Each structure stands twice: as structure tokens, then as C-alpha cells.
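Structure record follows, encoded as C-alpha cells.
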Amino acid sequence: MGRSTTSKDAQALFHSFYSAYAATPTNLKIIDLYMLFAVLTAVIQVVYMAIVGSFPFNSFLSGVLSCVGTAVLAVCLRIQVNKENKEFKDLPPERAFADFALCNLVLHLVIMNFLG
Amino acid sequence: MARKSGFLVLASVLVASIASFCGSAAIFNPISDAHRSAALELFSPSDGSFGSLEETYEALRTFEVLGIEKELVIRTSVCASVSETLLSSLSTLKDLFQALRVNGILKCELNDKAFVEIASRFKDSLNAANLLLDFYHSIGGLMLIKDQTSEVDVHLGDADRVFRSIKALSQSDGKWRYSSNNPESSSYAAGIALETLAGLVSLASSEIDHSLIAILKNDIMKLFDGVERYDDGACYFDEKFVDAHGHQDPLSASSSVVRGITAFASATEESLNFPGDKILGLAKFFLGVEIPGCAKDLYHQIDALACLENSRVSVPLILSLPATVLSVSRKDQLKVRVNTVLGSAAPPLSVKLMQIFSSGSKDASVIDQELKFDPEHAVHVLENLPNNIDVGKYIFSFEISLQDPEHKKRYITGGRTKVPICITGVIEVKNVEIAVLDSDIGSIEMQKKLDLSGENDVALLANHLQKLRLSFQLSTPSRKAFKPHQAFLKLRHESGVEHIFVVGNSGKKFELILDFLGLVEKFFYLSGKYDIQLTVGDSVMENSFLRPLGHVELDLPDAPEKAARPPPQPVDSYSRYGPKTEIAHIFRAPEKRPPRELSLAFLGLVLLPFFGFLAGLLYLRVNLKNLPRSTVPATFAFLFHLGIASVLLLYALFWFKLDLFTTLKALGFLGIFLMFVGHRTLSHLASVSAKLKSA
């Protein structure tokens, strides 16, 4: 009895989340997709390290941190671009995008140096 | 090796003891073949000549005296040089003199006319000369011309004046000065002056006042008064001052004086009483030089000895011995030779052994025994040594007596001649006993008798409370007790540490007692096997020995904390300097790397999310509607995308090849470009969306 209610509740939750998400604008969906891509890449790298050991540790770190860093920057971009966010009402989205691009370039310069 | 070093020690002891005898007795050997071979070696012509004419003369004269009949390959070149010098008008008096000397020996073919000219040159220079060497060269030259040709008149007109001018340069102590300006006098100059005056006398004896010759004899006696002596009877003339011609050493100065006085003796017919002992002393000096090291010294030695031998008066006779070490066991006979200084036969004479002095004591036994002459070998032999003579070192005193009274006037024998003789023999070693004693009681624990003529290998056992005793007796062939120079006992531990003890002598026998109780510390508390070795040696002992006797096992107590360590033994040099053991290096194990396939699989796996992202974009129906259409903004947009792509390409290059500085430089340029282009594009997009909003 308990199990079925929990699974039913989970299903109901999932459906409501899915329908709510469909209402988000497309540009935000693109950013979310990008974030998912970055995180998946990081997870695969961690799994690989778990299998073969962390011998060139700096390489592992730079790989993981580039994915995590770019995901974080994407989060910032989503916050600034989201029209429902009253805090960043006056910030033009192009400006936010420019910041995102610049920060990514700097991040990747550091990552490439640390990659070794 | 130890035997060789022992023998060397004995040999050096013998030499040292003989040398120590030289206080009063010494051996002088006449000229021998060793001098001839030395002459051939020292006077070897280099580059086809002996050097200057003076050196050539020295070589030729030495060869002449020593009787070396050497076919001179360089005779033609020397004769050419001689004739060139004699015929040249630029030659000095000295050059002419030296050339004439060489010619006197070589007898080159020369024209008599040249001699006439040279003789007149010499006579002219005599009129004007005032230096000793000018007189010497001129008068010497005239003498040589007189010997070499009879055609030339060498008679001197004013011989008296010349004599007085030379005599004026003499000093009161018998030495001469080289010139009246120079106050320094030398014996070498005296020799030259005497030779010159002798030449003058022989050239014009009728004109010279005899009183002058008598004064000259006085000068010679005064010169002899200033002679120096060595302890062994040798006399020589030395120079006190360094003169303008450089310091003349005793050999050249004495040689010059001998030439002078013998020339003077043959020039005058009068009787001259040279002090015989000093003439003999001079002969001993020249013979004592033995083989000189340089050619000039050899010339001086040989020339002086030749003058002494051919002198009209006072020819020295030298007593020498072919062997000074006689062996009783071999029954050696004492042999004595008497020769002239150049090694020629002496006139008939007899040699008597007068006295024998034993070393270290003043008393001597009087023998007065005549030696028998063996004409075949030209030696005087003493048939039997006196009966009571034992092994040891002695000084034998000989006397030479000439048989013909005429010879007594001419030859000098020198009275008594003392010669050091060493008589050796076999020393008998008997009653050799080695024993281990208990220290308190003195009772004998173990005793062994040894026979040293054969091999011995005793095995003794002792501890630190016991004593080791060694005793033996030594006697000479005449049955007297003998005390050798060395009597040692050596104990050598198996580790190499050695201890040497001197065996003491109590008159009758030799005894050594080693009390191990007192020696424990000296032995560094080392217990174990000690090899025993006995050494007995002396220069008169023919059977000196160094024998291993066996070994003794010593049991010593353990060393206390503060005891001295035994000295480190020399390390075998191969073990110290030889190759060392191999070192095995341990390298850090390299990190494990994953297999290649796994890495490639994961590479593919990592790229999957990117494709998933692209697929997702397509699913979201992403469009490029906002891309500007008109030219300028489109260009900027294109350039913006190009700029980002180029930055990413730069990063890729940075990872593969470039260094940070180059990358940063490039990034700077690209960044500026990107900023400009990006700003234009994004501001264009912003203005477009603002227009849409307002519209």
C-alpha cells in the first residue's frame, strides 16, 4: 500500500514538473541543455578516473573543473537572462551573454595551462 | 725480500765501516782501463769536432797519455782548422798557441814559412807584453815551434829582462798575479808562471842569471808551504780568491802547479829538493778523484799525473790492493801491487808488512814480514796471514824499499803506507736453545735444541705468566767469543704486527729472556700465533743469517677498554684501489597506465554528451532567425564567430606547441579584436530587440 502511493506521488510530481517546464522560454531551455551536457561530461570523467586511478591528477582536475566552471557560468547567464527575475531587469541579455563568453574564454585559458 | 734487505744492511754496514777508517788509511788506485773508457765517453766528438782548439788539445793529450790509439775521423777537419788559425793574421796569441799545441800531437803538414812568421810575431809580442798570459802564450808558442821544426830560430835576445818582468808579478807566498794591475794572486797563475819561466830557461839558459833560478826555487818552496792537506795524506793547491778568470777549483789549480814544477825541473839541470811527501800527496789527490765527471777535469787529472810520472825528479809510486776483504774460510792471500801513477811497472823493489793495527785499539803487533814477488802477475803476495789473526777489521802498515840506490833518488815511496783490511770468516753458532719457563719458579716447561744449519719449526705454547728464553754461543774460527753487530729476535703476529728484540750478550753466550707479563701491553694484548725469526749479522761474518725458528702460541689476557690499539697494517693496495662491488640501483616503478583501448573508449564516451547537446538543440527547434541580414552587421557577426573560433584554435595550439607567453601575446591581440567586433554585434542585436519592444 505504501509503495504504490509513493510511486504514484512520484509520478504525479514528475508530470507536474514536466508540464511546468514546458512553459519556459526556448533560450532558457538551450542554456539548461548546455548545463546538462557539461555536467554529464564531468561525470564521465570522474567515472574514468575512478576506474584507472588519478595519475595525472592535474589533467583530471582541469578536465572536471572546465566542465563544472562552464556549467556555473551558464547558471549565471540563465539567472541574468531570465525575464521573471526582477533583480536583473535592467541588464540587457546581450551584455550578460558577452560576460558569459568572456568568462568562458578566461576559464578555458587557465584550464589549458593546467592541463599539462 | 727480507733476506735481500738484510744483505743490503750488511753491505752498507761494511762500506760505512771501511769509510770510517779513512781517518788515517785509504786506498789509492792507479789509472786503469776505467779511465780509458771514461775518456772515450767524455771526449766523444759531437758534430764532427771536439769544440774549440783548446778542447781539442785536451782531448788529444788525454788520449795520448792513456795510450788510446784512436783513428781520428776528424783529423782532416782539425788539421784544416789548425792551418787556418796559424795562417790567419787575425788570430790572437792564445789562438796561435792552442793551434800549435794541437799540431804538436797531430803533426799536420804545415809550411815552415808559416812558422817563421808566427815566431816573429811571438818575439814581437814579448817585447811589449806585460800580462802573464801573454808571456805564457808567447814563450809556450816558441817552445812548441822549436819542437815542431828545426828551421826556425827561436832564440830570445833579452831573456833576462823577460824573466824579471814575469818574476815581478810574483807574490811573497809563492803565488802569482795575472797582471800588475790586479792585486789578486792565484796558484793557477803560479803554475802558468812556472811553466813559462821553465820554457824561457830552456830557450835561453845561457843568458839568465843563476841567482834568479835560485830565487825561483825559493818561490816554489814557499808555494809548497801553502799546500792544503786531507786526512788521508792527499795534498792540493786551492784558490782563496775569485779572480777575473773565474774561480779555479783545486783540481785545475793543482794540475797547473804540477805542470809548472815538473816543467821547471826538466828545464834546469840543478838539483831540486821537492818535498817528497807533498809530491806523493799531490799524486794521491789526483788519484783520489777516481773518474771525474767532466772532460776538463779528466784532462787536468791525466795531464798532471803524466807530468808526475815523466818528471826528472820525484816520481811517486803508489801501493794498491786488488782486494781489501780477505776470507779465512777461502784461505785468501794478501796481494799488493806497486805501480806508478799511470799504472806502469815500478822499478825492482820489495814490500814488507810491518805492523797490524786492530780497529779500535792503539796497540799493534809488529810483524816485519816480507812479501814474495810474483813476476807473472806483478803482485807481491803474503803467503800466510799471521797465525794469531782473527776475523775483524785491521789496518795493515806496509813499507816499500827500492833495491837500486839510484832509484831511491828518483822515486818517492812515502815511507809507511796504511791500508784498511777486513778479514772475514765463518762464525760457528752452537748450543742454540729455546725454552718456555715458568716465571716464578724458573722451571722449564718446554725446551728445544735447534740446529741452525737446517730447517727448524718449533711449536711452543706460552701464556702471559711465562717467559721465553733463547740462548746461543758464537765463536770465531780461532775459537774466540764473537760479538756481532746485529743479533735480533723478531716475533710476528698472524695479523702482521711485529716486535723486535735485541739479544743481549754476557761475554760467554747470547741470551734473551722475554717476560710476557711485562710485554702484554707492548703486544697490544694480541693472543695467537707468533712466528719467531732470529737474525745474526756482521760485516766480517760470512754466514750472517736470518732464520725462521718456528712459532709460539701466546695466550694473553683480553684487552681492557683503554688499551692501545695495534698499529694498522699496510692495506693490500689492490683491495684499496681495486674495483668495488657493483651497486644495484633501485628505480621508482613507473606509474601504471590504463590500457589503450579503455582510454580510447572513454574518449568516445566523453564526446557523446556533445552530440547529445546538438541533438537536443535540434529537438528544441533552435533557429538562427536573429542572424542579421544586411551587410555590415552580418560581417561583424561573422567576424565575432570567427574571433571566438580563432581563440579556441589558439588554445588548442597552446596545448600542443606554444608556451604561455606567446599565447598571451596572441590572446591579447585577438582579445582586443574580439571585444570590438563583439561589442558591435551585440549592440546591434540589442538595438534590434529594443526596436521590436517599442514597436
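Identifiers in the C-alpha cells: chain A, B, ... in order shown; residue index from 1 per chain; ligand index from 1 in order shown.
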Point to revise | Lys83 of chain A surroundings by only C-alpha atoms, 12 Å radius, close-in-sequence under 3 positions cut, as a list in words | key: Thr24, Pro25, Asn27, Leu28, Leu77, Arg78, Ile79, Gln80, Lys86, Glu87, Phe88, Lys89, Asp90, Leu91, Pro92 and Pro93 of chain A
Practice item. Considering only C-alpha atoms, return as a ChimeraX atom specification whatever protein or nucleic-acid residues lie within 12 Å of Asp374 of chain B, sequence-local ones (same chain, fewer than 6 positions apart) excluded. Key: /B:335-338,348,350-351,380-383
Point to revise | chain A residues near chain B (9 Å cut-off, only C-alpha atoms) as a VMD selection string | key: chain A and resid 26 to 27 29 to 30 33 to 34 36 to 38 40 to 42 44 to 45 48 51 to 53 55 92 to 95 97 to 98 101 105 108 to 109 112 to 113 115 to 116
Could you dump the residues just selected with C-alpha atoms as a compact mmCIF listing (two decimals), in the first residue's frame?
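The file below, result_6.txt, is the result:
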# COMPACT_ATOMS: atom_id res chain seq x y z
CA THR A 26 13.41 28.39 -25.53
CA ASN A 27 16.60 30.33 -24.81
CA LYS A 29 15.93 25.61 -22.39
CA ILE A 30 19.08 25.95 -24.55
CA LEU A 33 20.62 21.73 -22.17
CA TYR A 34 24.14 23.18 -22.25
CA LEU A 36 23.28 19.16 -18.70
CA PHE A 37 25.89 18.49 -21.36
CA ALA A 38 28.67 20.00 -19.22
CA LEU A 40 27.41 14.75 -17.97
CA THR A 41 30.89 15.27 -19.38
CA ALA A 42 32.22 15.89 -15.86
CA ILE A 44 32.00 10.59 -17.30
CA GLN A 45 35.49 11.95 -16.46
CA TYR A 48 37.07 7.22 -15.81
CA ILE A 51 38.50 3.17 -12.98
CA VAL A 52 42.11 3.98 -13.94
CA GLY A 53 43.36 5.98 -10.99
CA PHE A 55 47.80 9.51 -12.07
CA PRO A 92 20.32 43.68 -21.35
CA PRO A 93 20.71 39.96 -22.17
CA GLU A 94 23.37 40.71 -24.75
CA ARG A 95 25.52 42.13 -22.06
CA PHE A 97 25.94 36.89 -22.92
CA ALA A 98 29.11 38.94 -23.52
CA ALA A 101 31.59 34.45 -23.38
CA LEU A 105 37.42 32.29 -22.58
CA HIS A 108 39.49 27.88 -20.71
CA LEU A 109 42.82 29.68 -20.91
CA MET A 112 44.52 24.75 -20.97
CA ASN A 113 47.52 25.92 -18.95
CA LEU A 115 46.04 20.60 -18.46
CA GLY A 116 49.76 19.85 -18.90
Exercise for review: From the DSSP assignment of the backbone, select every residue of segment 8-112 of chain A that is helix (DSSP H, G or I), and format the answer as an NGL selection string.
Suggested key: :A and (8-21 or 26-52 or 57-81 or 93-112)
**Study point:** Surrounding residues of His300 of chain B excluding itself and chain neighbours under 6 positions, 7 Å, only C-alpha atoms, as a ChimeraX atom specification
**Key:** /B:251-252,255
Emit the selected residues as a tab-separated table (two decimals), in the first residue's frame, including N, CA and C atoms.
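selection04.tsv, freshly written:
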chain	number	residue	atom	x	y	z
B	251	LEU	N	141.36	21.05	-8.43
B	251	LEU	CA	141.91	20.11	-9.41
B	251	LEU	C	142.69	20.85	-10.49
B	252	SER	N	142.09	21.90	-11.04
B	252	SER	CA	142.79	22.61	-12.11
B	252	SER	C	143.98	23.39	-11.55
B	255	SER	N	146.73	20.92	-10.78
B	255	SER	CA	147.25	20.41	-12.04
B	255	SER	C	148.18	21.43	-12.69
Practice item. Please report, as a PyMOL selection string, each residue of segment 503-637 of chain B to which DSSP assigns strand (DSSP E or B) when run on this structure's backbone. Key: chain B and resi 504-505+510-515+528-537+541+545-555
